[in-house]
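This is input-v2.txt (compact mmCIF, C-alpha atoms and all ligand atoms).
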```
# COMPACT_ATOMS: atom_id res chain seq x y z
CA MET X 18 0.00 0.00 0.00
CA ILE X 19 1.12 3.54 -0.71
CA ASN X 20 1.31 4.86 2.82
CA GLN X 21 3.82 7.65 2.26
CA THR X 22 2.99 11.28 3.13
CA PHE X 23 3.82 13.77 0.39
CA GLU X 24 4.20 17.52 0.71
CA THR X 25 2.16 18.30 -2.39
CA LEU X 26 0.11 15.15 -2.99
CA LEU X 27 -2.72 13.37 -1.24
CA SER X 28 -3.08 9.64 -1.86
CA LYS X 29 -5.85 7.19 -1.16
CA VAL X 30 -6.46 3.59 -2.27
CA ASP X 31 -9.89 1.93 -2.14
CA ASP X 32 -10.66 -1.76 -1.68
CA GLU X 33 -10.85 -2.34 -5.45
CA GLY X 34 -7.25 -1.16 -5.84
CA ILE X 35 -8.13 2.24 -7.33
CA CYS X 36 -5.56 4.78 -6.16
CA VAL X 37 -6.45 8.49 -6.26
CA LEU X 38 -3.53 10.94 -6.26
CA THR X 39 -4.55 14.54 -5.70
CA ILE X 40 -2.18 17.39 -6.51
CA ASN X 41 -2.60 19.59 -3.48
CA ARG X 42 -1.53 23.22 -3.94
CA PRO X 43 -4.98 24.79 -4.27
CA GLU X 44 -3.76 28.30 -3.33
CA LYS X 45 -1.66 28.22 -6.55
CA LEU X 46 -4.30 26.34 -8.53
CA ASN X 47 -2.18 23.18 -8.13
CA ALA X 48 0.62 24.59 -10.34
CA LEU X 49 3.48 22.16 -10.89
CA ASN X 50 6.61 23.22 -9.01
CA ASN X 51 9.75 21.23 -8.36
CA GLN X 52 8.30 19.65 -5.22
CA VAL X 53 5.26 18.37 -7.12
CA PHE X 54 7.56 16.73 -9.66
CA MET X 55 9.65 15.13 -6.88
CA ASP X 56 6.53 13.89 -5.13
CA LEU X 57 5.00 12.60 -8.36
CA GLU X 58 8.16 10.71 -9.26
CA LEU X 59 8.30 8.98 -5.90
CA ALA X 60 4.57 8.24 -5.86
CA LEU X 61 4.70 6.76 -9.37
CA SER X 62 7.51 4.36 -8.51
CA LYS X 63 5.66 3.21 -5.39
CA ILE X 64 2.42 2.76 -7.33
CA SER X 65 4.24 0.92 -10.10
CA ASN X 66 5.67 -1.60 -7.62
CA ASP X 67 2.51 -2.02 -5.55
CA GLU X 68 0.57 -5.02 -6.81
CA SER X 69 -2.47 -4.12 -4.73
CA ILE X 70 -2.95 -0.99 -6.87
CA LYS X 71 -4.76 -1.77 -10.13
CA LEU X 72 -5.36 1.70 -11.54
CA LEU X 73 -4.40 5.30 -10.83
CA VAL X 74 -6.62 8.39 -10.98
CA ILE X 75 -4.88 11.80 -10.93
CA THR X 76 -6.84 14.91 -9.99
CA GLY X 77 -6.41 18.39 -8.48
CA ALA X 78 -7.38 19.63 -5.01
CA GLN X 79 -10.64 21.61 -4.69
CA ASN X 80 -12.91 22.32 -7.62
CA LYS X 81 -11.32 25.29 -9.38
CA ALA X 82 -8.34 23.63 -11.01
CA PHE X 83 -6.98 20.28 -12.06
CA VAL X 84 -3.57 21.95 -12.60
CA ALA X 85 -3.17 25.54 -13.91
CA GLY X 86 0.23 24.81 -15.45
CA ALA X 87 3.87 24.79 -14.58
CA ASP X 88 4.67 27.12 -11.69
CA ILE X 89 5.43 30.34 -13.57
CA LYS X 90 6.96 31.97 -10.50
CA GLU X 91 9.49 29.18 -10.07
CA PHE X 92 10.86 29.38 -13.62
CA SER X 93 10.54 33.09 -14.37
CA GLU X 94 14.28 33.69 -13.72
CA PHE X 95 15.57 30.58 -15.57
CA ASP X 96 18.12 30.77 -18.41
CA SER X 97 17.99 28.51 -21.49
CA GLU X 98 20.00 25.70 -19.95
CA LYS X 99 17.95 25.51 -16.78
CA ALA X 100 14.76 25.67 -18.81
CA ARG X 101 15.90 22.89 -21.09
CA ASN X 102 16.65 20.74 -18.05
CA LEU X 103 13.26 21.61 -16.58
CA SER X 104 11.61 20.54 -19.82
CA SER X 105 13.54 17.26 -19.98
CA ARG X 106 12.71 16.51 -16.35
CA GLY X 107 9.02 17.30 -16.87
CA GLN X 108 9.00 15.11 -19.97
CA GLN X 109 10.64 12.25 -18.04
CA VAL X 110 8.14 12.37 -15.17
CA PHE X 111 5.19 12.54 -17.57
CA GLN X 112 6.69 9.69 -19.60
CA LYS X 113 6.64 7.62 -16.39
CA ILE X 114 2.91 8.22 -16.24
CA GLU X 115 2.43 7.21 -19.87
CA ASP X 116 4.62 4.12 -19.32
CA LEU X 117 3.07 3.11 -16.00
CA ASN X 118 2.31 -0.62 -15.83
CA LYS X 119 -1.33 0.11 -14.92
CA PRO X 120 -3.95 2.43 -16.42
CA VAL X 121 -3.96 6.11 -15.44
CA ILE X 122 -7.05 8.34 -15.70
CA ALA X 123 -6.91 12.14 -15.39
CA ALA X 124 -10.01 13.46 -13.58
CA ILE X 125 -10.00 17.06 -14.84
CA ASN X 126 -11.98 18.98 -12.25
CA GLY X 127 -11.38 22.57 -13.42
CA PHE X 128 -8.57 24.41 -15.25
CA ALA X 129 -6.11 22.11 -17.04
CA LEU X 130 -3.74 24.60 -18.61
CA GLY X 131 -0.21 24.39 -19.98
CA GLY X 132 1.65 21.77 -17.92
CA GLY X 133 -1.72 20.75 -16.45
CA CYS X 134 -3.08 19.92 -19.86
CA GLU X 135 0.21 18.16 -20.64
CA LEU X 136 -0.11 16.13 -17.44
CA ALA X 137 -3.65 15.12 -18.43
CA MET X 138 -2.42 14.17 -21.91
CA ALA X 139 0.26 11.90 -20.43
CA CYS X 140 -2.50 9.92 -18.68
CA HIS X 141 -4.01 7.05 -20.67
CA LEU X 142 -7.57 8.40 -20.35
CA ARG X 143 -9.07 11.81 -19.56
CA VAL X 144 -12.46 12.65 -18.13
CA ALA X 145 -13.59 16.15 -17.23
CA SER X 146 -16.27 17.94 -15.30
CA THR X 147 -18.57 20.14 -17.39
CA ASN X 148 -16.99 23.29 -15.87
CA ALA X 149 -13.43 22.28 -16.86
CA ARG X 150 -11.38 24.51 -19.15
CA LEU X 151 -8.41 23.13 -21.06
CA GLY X 152 -5.72 24.90 -23.01
CA LEU X 153 -2.07 25.41 -23.86
CA PRO X 154 -1.61 29.15 -23.28
CA GLU X 155 2.24 29.09 -23.25
CA VAL X 156 2.42 31.45 -26.27
CA SER X 157 0.84 34.13 -24.09
CA LEU X 158 3.96 33.87 -21.88
CA GLY X 159 6.33 33.87 -24.85
CA LEU X 160 6.83 30.11 -24.56
CA ILE X 161 5.77 26.77 -26.03
CA PRO X 162 4.55 23.66 -24.21
CA GLY X 163 7.62 21.93 -22.76
CA TYR X 164 6.42 18.77 -21.01
CA GLY X 165 5.60 16.68 -24.07
CA GLY X 166 2.51 18.67 -25.03
CA THR X 167 3.51 19.47 -28.61
CA GLN X 168 3.95 15.78 -29.31
CA ARG X 169 1.02 14.31 -27.42
CA LEU X 170 -1.47 16.90 -28.64
CA ILE X 171 -0.86 15.87 -32.27
CA GLN X 172 -1.27 12.22 -31.34
CA LEU X 173 -4.56 12.92 -29.60
CA ILE X 174 -6.29 15.50 -31.78
CA GLY X 175 -4.29 15.73 -35.05
CA ARG X 176 -2.09 18.50 -36.48
CA ALA X 177 -4.77 20.96 -37.49
CA LYS X 178 -6.40 21.25 -34.08
CA ALA X 179 -3.05 20.90 -32.27
CA LEU X 180 -1.72 23.90 -34.19
CA GLU X 181 -4.88 25.89 -33.58
CA LEU X 182 -4.76 25.38 -29.82
CA THR X 183 -1.01 25.94 -29.39
CA LEU X 184 -0.89 28.98 -31.73
CA SER X 185 -3.95 30.72 -30.30
CA GLY X 186 -3.42 29.65 -26.68
CA ARG X 187 -7.20 29.79 -26.30
CA PHE X 188 -9.00 27.90 -23.53
CA ILE X 189 -11.60 25.37 -24.62
CA THR X 190 -14.62 24.03 -22.74
CA ALA X 191 -14.98 20.39 -21.71
CA GLN X 192 -17.66 20.12 -24.42
CA GLU X 193 -15.22 21.22 -27.14
CA ALA X 194 -12.45 19.03 -25.68
CA TYR X 195 -14.85 16.09 -25.94
CA GLN X 196 -15.80 16.93 -29.53
CA ILE X 197 -12.17 17.07 -30.70
CA GLY X 198 -11.19 13.89 -28.83
CA LEU X 199 -9.00 15.49 -26.19
CA ILE X 200 -11.08 13.94 -23.41
CA ASN X 201 -12.88 10.60 -23.33
CA HIS X 202 -15.91 11.56 -21.25
CA MET X 203 -17.45 14.48 -19.41
CA GLY X 204 -20.05 14.80 -16.67
CA GLU X 205 -21.16 16.87 -13.70
CA SER X 206 -18.30 15.47 -11.59
CA ALA X 207 -14.93 14.49 -13.08
CA MET X 208 -14.28 12.12 -10.18
CA ASP X 209 -17.63 10.30 -10.65
CA GLU X 210 -16.85 9.88 -14.37
CA ALA X 211 -13.34 8.65 -13.57
CA MET X 212 -14.67 6.13 -11.07
CA LYS X 213 -17.25 4.77 -13.55
CA LEU X 214 -14.48 4.11 -16.05
CA ALA X 215 -12.05 2.84 -13.39
CA LYS X 216 -14.55 0.26 -12.12
CA LEU X 217 -14.92 -1.18 -15.64
CA ILE X 218 -11.18 -1.34 -16.18
CA VAL X 219 -10.15 -2.89 -12.84
CA LYS X 220 -12.33 -5.91 -13.64
CA GLN X 221 -9.99 -6.74 -16.56
CA ALA X 222 -6.82 -8.83 -16.53
CA PRO X 223 -3.92 -6.79 -15.09
CA LEU X 224 -1.26 -8.28 -17.38
CA ALA X 225 -3.43 -7.65 -20.42
CA LEU X 226 -3.91 -4.05 -19.31
CA LYS X 227 -0.16 -3.70 -18.91
CA ASN X 228 0.50 -5.08 -22.39
CA VAL X 229 -2.19 -2.94 -24.02
CA ILE X 230 -0.32 0.08 -22.65
CA LEU X 231 3.07 -1.25 -23.86
CA ALA X 232 1.71 -2.00 -27.32
CA ILE X 233 -0.03 1.33 -27.79
CA ASN X 234 2.95 3.30 -26.44
CA SER X 235 5.42 1.56 -28.73
CA SER X 236 4.30 3.72 -31.66
CA ASP X 237 5.93 6.91 -30.29
CA SER X 238 9.19 8.53 -31.47
CA ILE X 239 11.81 10.08 -29.16
CA HIS X 240 13.11 12.81 -31.48
CA GLY X 241 10.16 15.16 -31.15
CA TYR X 242 10.53 15.32 -27.37
CA GLN X 243 14.23 16.26 -27.56
CA ASN X 244 13.47 19.00 -30.04
CA GLU X 245 10.64 20.29 -27.88
CA ALA X 246 13.02 20.63 -24.88
CA LYS X 247 15.59 22.51 -27.00
CA LEU X 248 13.02 24.95 -28.39
CA PHE X 249 11.43 25.45 -24.97
CA GLY X 250 14.84 26.28 -23.45
CA GLU X 251 15.72 28.82 -26.15
CA LEU X 252 12.68 30.95 -25.41
CA PHE X 253 13.77 31.62 -21.83
CA GLU X 254 16.30 34.17 -23.06
CA THR X 255 13.78 36.25 -25.01
CA GLU X 256 12.25 39.62 -24.11
CA ASP X 257 8.84 38.19 -24.88
CA PHE X 258 9.20 35.59 -22.14
CA LYS X 259 10.16 38.25 -19.58
CA GLU X 260 7.27 40.43 -20.72
CA GLY X 261 4.80 37.52 -20.70
CA THR X 262 5.68 36.39 -17.18
CA SER X 263 5.84 39.96 -15.79
CA ALA X 264 2.44 40.75 -17.30
CA PHE X 265 0.99 37.63 -15.69
CA PHE X 266 2.13 38.63 -12.20
CA GLU X 267 1.17 42.27 -12.72
CA LYS X 268 -2.25 41.07 -13.87
CA ARG X 269 -2.11 43.01 -17.17
CA LYS X 270 -2.04 42.14 -20.86
CA PRO X 271 1.48 41.51 -22.28
CA VAL X 272 2.96 43.71 -25.01
CA PHE X 273 5.29 41.55 -27.11
CA SER X 274 8.21 42.91 -29.15
CA GLY X 275 9.14 39.71 -30.93
CA LYS X 276 12.66 39.81 -29.45
N1 LIG X 301 2.02 29.33 -11.84
C1 LIG X 301 2.15 29.99 -10.69
N2 LIG X 301 1.10 30.54 -10.03
C2 LIG X 301 -0.11 30.39 -10.59
C3 LIG X 301 -0.32 29.71 -11.81
C4 LIG X 301 0.83 29.17 -12.44
N3 LIG X 301 0.73 28.48 -13.57
N4 LIG X 301 -1.63 29.75 -12.10
C5 LIG X 301 -2.22 30.41 -11.11
N5 LIG X 301 -1.32 30.80 -10.19
C6 LIG X 301 -1.53 31.54 -8.95
C7 LIG X 301 -1.79 33.01 -9.23
O1 LIG X 301 -0.56 33.71 -9.39
C8 LIG X 301 -2.56 33.38 -7.98
O2 LIG X 301 -1.65 33.55 -6.93
P1 LIG X 301 -1.78 34.82 -5.93
O3 LIG X 301 -3.09 34.57 -5.21
O4 LIG X 301 -0.57 34.69 -5.06
O5 LIG X 301 -1.82 36.05 -6.83
C9 LIG X 301 -3.39 32.14 -7.67
O6 LIG X 301 -2.72 31.06 -8.34
C10 LIG X 301 -4.81 32.20 -8.19
O7 LIG X 301 -4.77 32.50 -9.58
P2 LIG X 301 -5.49 33.79 -10.25
O8 LIG X 301 -4.78 34.08 -11.54
O9 LIG X 301 -5.61 34.90 -9.27
O10 LIG X 301 -6.94 33.17 -10.53
P3 LIG X 301 -8.00 33.62 -11.63
O11 LIG X 301 -9.27 32.92 -11.29
O12 LIG X 301 -7.99 35.10 -11.80
O13 LIG X 301 -7.42 33.00 -13.02
C11 LIG X 301 -6.40 31.30 -14.39
C12 LIG X 301 -7.30 31.60 -13.17
C13 LIG X 301 -6.19 29.80 -14.42
C14 LIG X 301 -7.09 31.76 -15.68
C15 LIG X 301 -5.04 32.05 -14.23
O14 LIG X 301 -4.51 31.76 -12.94
C16 LIG X 301 -3.98 31.71 -15.24
O15 LIG X 301 -4.07 32.15 -16.39
N6 LIG X 301 -2.96 30.93 -14.81
C17 LIG X 301 -1.80 30.65 -15.63
C18 LIG X 301 -2.14 29.69 -16.73
C19 LIG X 301 -0.94 29.45 -17.60
O16 LIG X 301 -0.50 30.32 -18.33
N7 LIG X 301 -0.42 28.23 -17.52
C20 LIG X 301 0.69 27.82 -18.34
C21 LIG X 301 1.97 27.94 -17.60
S1 LIG X 301 3.32 27.36 -18.60
```
Rewrite the structure of this file - the entire thing - as structure tokens.
Ligand code: COA
Amino acid sequence: MINQTFETLLSKVDDEGICVLTINRPEKLNALNNQVFMDLELALSKISNDESIKLLVITGAQNKAFVAGADIKEFSEFDSEKARNLSSRGQQVFQKIEDLNKPVIAAINGFALGGGCELAMACHLRVASTNARLGLPEVSLGLIPGYGGTQRLIQLIGRAKALELTLSGRFITAQEAYQIGLINHMGESAMDEAMKLAKLIVKQAPLALKNVILAINSSDSIHGYQNEAKLFGELFETEDFKEGTSAFFEKRKPVFSGK
């Protein structure tokens, strides 16, 4: 059993072996800082090795956000090298989710933006509450998605829609996310939807579930992720990035110079 206490995560396992991990920084809309990544990494290895856990559900604390992105405050002073490392690390942790030996469902209970949307995309299945809003608004900060989002978005919704969402940075409703195939199901409560799906899946053969995941994941290529980390890192030395992050904290609209 996963009986560890985490600084930024809550964990609970029910008697059917369904583990719920809740990202717990509600005062920052569950934004992903270094501690969340450390906690997630540790939790994932424990869950992976724990045979009593059959399936993982990931959600966000309280009902405003699943995860509102990477922690902008934490990386606002990074240079290219640090940013590239941050991107590679984020990609690695999210890859652990995608490669987990048991199914993972994202229960999207509010905003799933930037790194939050990327986290949801790394899960095998996504369900959302009707009030959820999803998006990849990195361009509004002078950035691009850096935790695998540029690659997974294409896989999930195709190039045309992936380009539209990443170029415009616009937020979409759960309804639109459902229509374009970004989420599997939606309902009043993301957690209720996740549990309905989880209860169907945990009845199935664990080794078959594991091999379905291995087979489906084996179609991915590694090159796109490396390139994403490089391009993400480069942007940290631009004026637009400084302007985008300053504008966010000053609660004003950014004025970009293209430098
Ligand atoms: N990183 C760090 N802090 C964040 C954050 C993030 N990604 N998202 C939200 N927060 C913080 C805010 O700074 C604020 O903190 P404060 O109370 O100390 O000022 C708190 O969470 C609440 O957010 P706030 O912006 O006041 O809520 P809102 O209801 O006005 O807006 C959002 C909600 C989600 C639209 C808005 O927070 C937002 O746009 N967040 C950033 C989304 C983003 O660009 N993500 C991609 C990052 S790569």
Ligand LIG 301 (chain X): which residues are within 8 Å, counting only C-alpha atoms and all ligand atoms? Reply as a short mmCIF file (atom, residue, chain, number, x, y, z; two decimals) with C-alpha atoms, in the coordinates of the input.
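Heads up, here's the output in pocket-v7.cif:
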```
data_model
loop_
_atom_site.label_atom_id
_atom_site.label_comp_id
_atom_site.auth_asym_id
_atom_site.auth_seq_id
_atom_site.Cartn_x
_atom_site.Cartn_y
_atom_site.Cartn_z
CA PRO X 43 -4.98 24.79 -4.27
CA GLU X 44 -3.76 28.30 -3.33
CA LYS X 45 -1.66 28.22 -6.55
CA LEU X 46 -4.30 26.34 -8.53
CA ASN X 47 -2.18 23.18 -8.13
CA ALA X 48 0.62 24.59 -10.34
CA LEU X 49 3.48 22.16 -10.89
CA ALA X 82 -8.34 23.63 -11.01
CA VAL X 84 -3.57 21.95 -12.60
CA ALA X 85 -3.17 25.54 -13.91
CA GLY X 86 0.23 24.81 -15.45
CA ALA X 87 3.87 24.79 -14.58
CA ASP X 88 4.67 27.12 -11.69
CA ILE X 89 5.43 30.34 -13.57
CA LYS X 90 6.96 31.97 -10.50
CA GLU X 91 9.49 29.18 -10.07
CA PHE X 128 -8.57 24.41 -15.25
CA LEU X 130 -3.74 24.60 -18.61
CA GLY X 131 -0.21 24.39 -19.98
CA GLY X 132 1.65 21.77 -17.92
CA GLY X 133 -1.72 20.75 -16.45
CA LEU X 153 -2.07 25.41 -23.86
CA PRO X 154 -1.61 29.15 -23.28
CA GLU X 155 2.24 29.09 -23.25
CA SER X 157 0.84 34.13 -24.09
CA LEU X 158 3.96 33.87 -21.88
CA LEU X 160 6.83 30.11 -24.56
CA ILE X 161 5.77 26.77 -26.03
CA PRO X 162 4.55 23.66 -24.21
CA PHE X 265 0.99 37.63 -15.69
CA PHE X 266 2.13 38.63 -12.20
CA LYS X 268 -2.25 41.07 -13.87
#
```
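The residue that comes closest to Val156 in chain X, out of X:Leu252, X:Cys134, X:Leu72, X:Val37 and on the basis of only C-alpha atoms, is X:Leu252.
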Rounded to one decimal, what separation in Å do you get between CA of Thr262 in chain X and CA of Met55 in chain X? 24.0 Å
So that I can see what lies close to Ile174 in chain X, please list as a short mmCIF file (atom, residue, chain, number, x, y, z; two decimals) with C-alpha atoms, keeping the file's coordinate frame the residues with an atom at most 10 Å from it, counting only C-alpha atoms and leaving out residues fewer than 6 positions away in the same chain.
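Writing the result to out_8.cif gives the following:
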```
data_model
loop_
_atom_site.label_atom_id
_atom_site.label_comp_id
_atom_site.auth_asym_id
_atom_site.auth_seq_id
_atom_site.Cartn_x
_atom_site.Cartn_y
_atom_site.Cartn_z
CA LEU X 180 -1.72 23.90 -34.19
CA ALA X 194 -12.45 19.03 -25.68
CA GLN X 196 -15.80 16.93 -29.53
CA ILE X 197 -12.17 17.07 -30.70
CA GLY X 198 -11.19 13.89 -28.83
CA LEU X 199 -9.00 15.49 -26.19
CA ILE X 200 -11.08 13.94 -23.41
#
```
Find the residues around Ile189 in chain X up to 8 Å (all atoms listed in the file counted), leave out those fewer than 5 positions away in its own chain, and share them as a list in words. Arg150, Leu151, Gly152 and Ala194 of chain X
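Among the candidate residues X:Leu136, X:Ile75, X:Met203, X:Ala100, the one lying nearest to Asn148 in chain X is X:Met203, with distances computed using all atoms listed in the file.
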Pick out the residues sitting within 12 Å of Leu217 in chain X, and hand them over as a PyMOL selection string; count all atoms listed in the file, and ignore anything fewer than 5 positions along from it in its own chain. chain X and resi 33+35+71-72+120+210-212+222+226
By how many Å are CA of Lys276 in chain X and CA of Glu181 in chain X apart? 22.8 Å
Using all atoms listed in the file, which residues sit within 12 Å of Asn228 in chain X once same-chain residues fewer than 4 positions away are excluded, as a PyMOL selection string? chain X and resi 116-120+222-224+232-235
Output C-alpha atoms of each residue in that selection to a file, as a PDB file, keeping the file's coordinate frame.
```pdb
ATOM      1  CA  ASP X 116       4.620   4.120 -19.320  1.00  0.00           C
ATOM      2  CA  LEU X 117       3.070   3.110 -16.000  1.00  0.00           C
ATOM      3  CA  ASN X 118       2.310  -0.620 -15.830  1.00  0.00           C
ATOM      4  CA  LYS X 119      -1.330   0.110 -14.920  1.00  0.00           C
ATOM      5  CA  PRO X 120      -3.950   2.430 -16.420  1.00  0.00           C
ATOM      6  CA  ALA X 222      -6.820  -8.830 -16.530  1.00  0.00           C
ATOM      7  CA  PRO X 223      -3.920  -6.790 -15.090  1.00  0.00           C
ATOM      8  CA  LEU X 224      -1.260  -8.280 -17.380  1.00  0.00           C
ATOM      9  CA  ALA X 232       1.710  -2.000 -27.320  1.00  0.00           C
ATOM     10  CA  ILE X 233      -0.030   1.330 -27.790  1.00  0.00           C
ATOM     11  CA  ASN X 234       2.950   3.300 -26.440  1.00  0.00           C
ATOM     12  CA  SER X 235       5.420   1.560 -28.730  1.00  0.00           C
TER      13      SER X 235
END
```
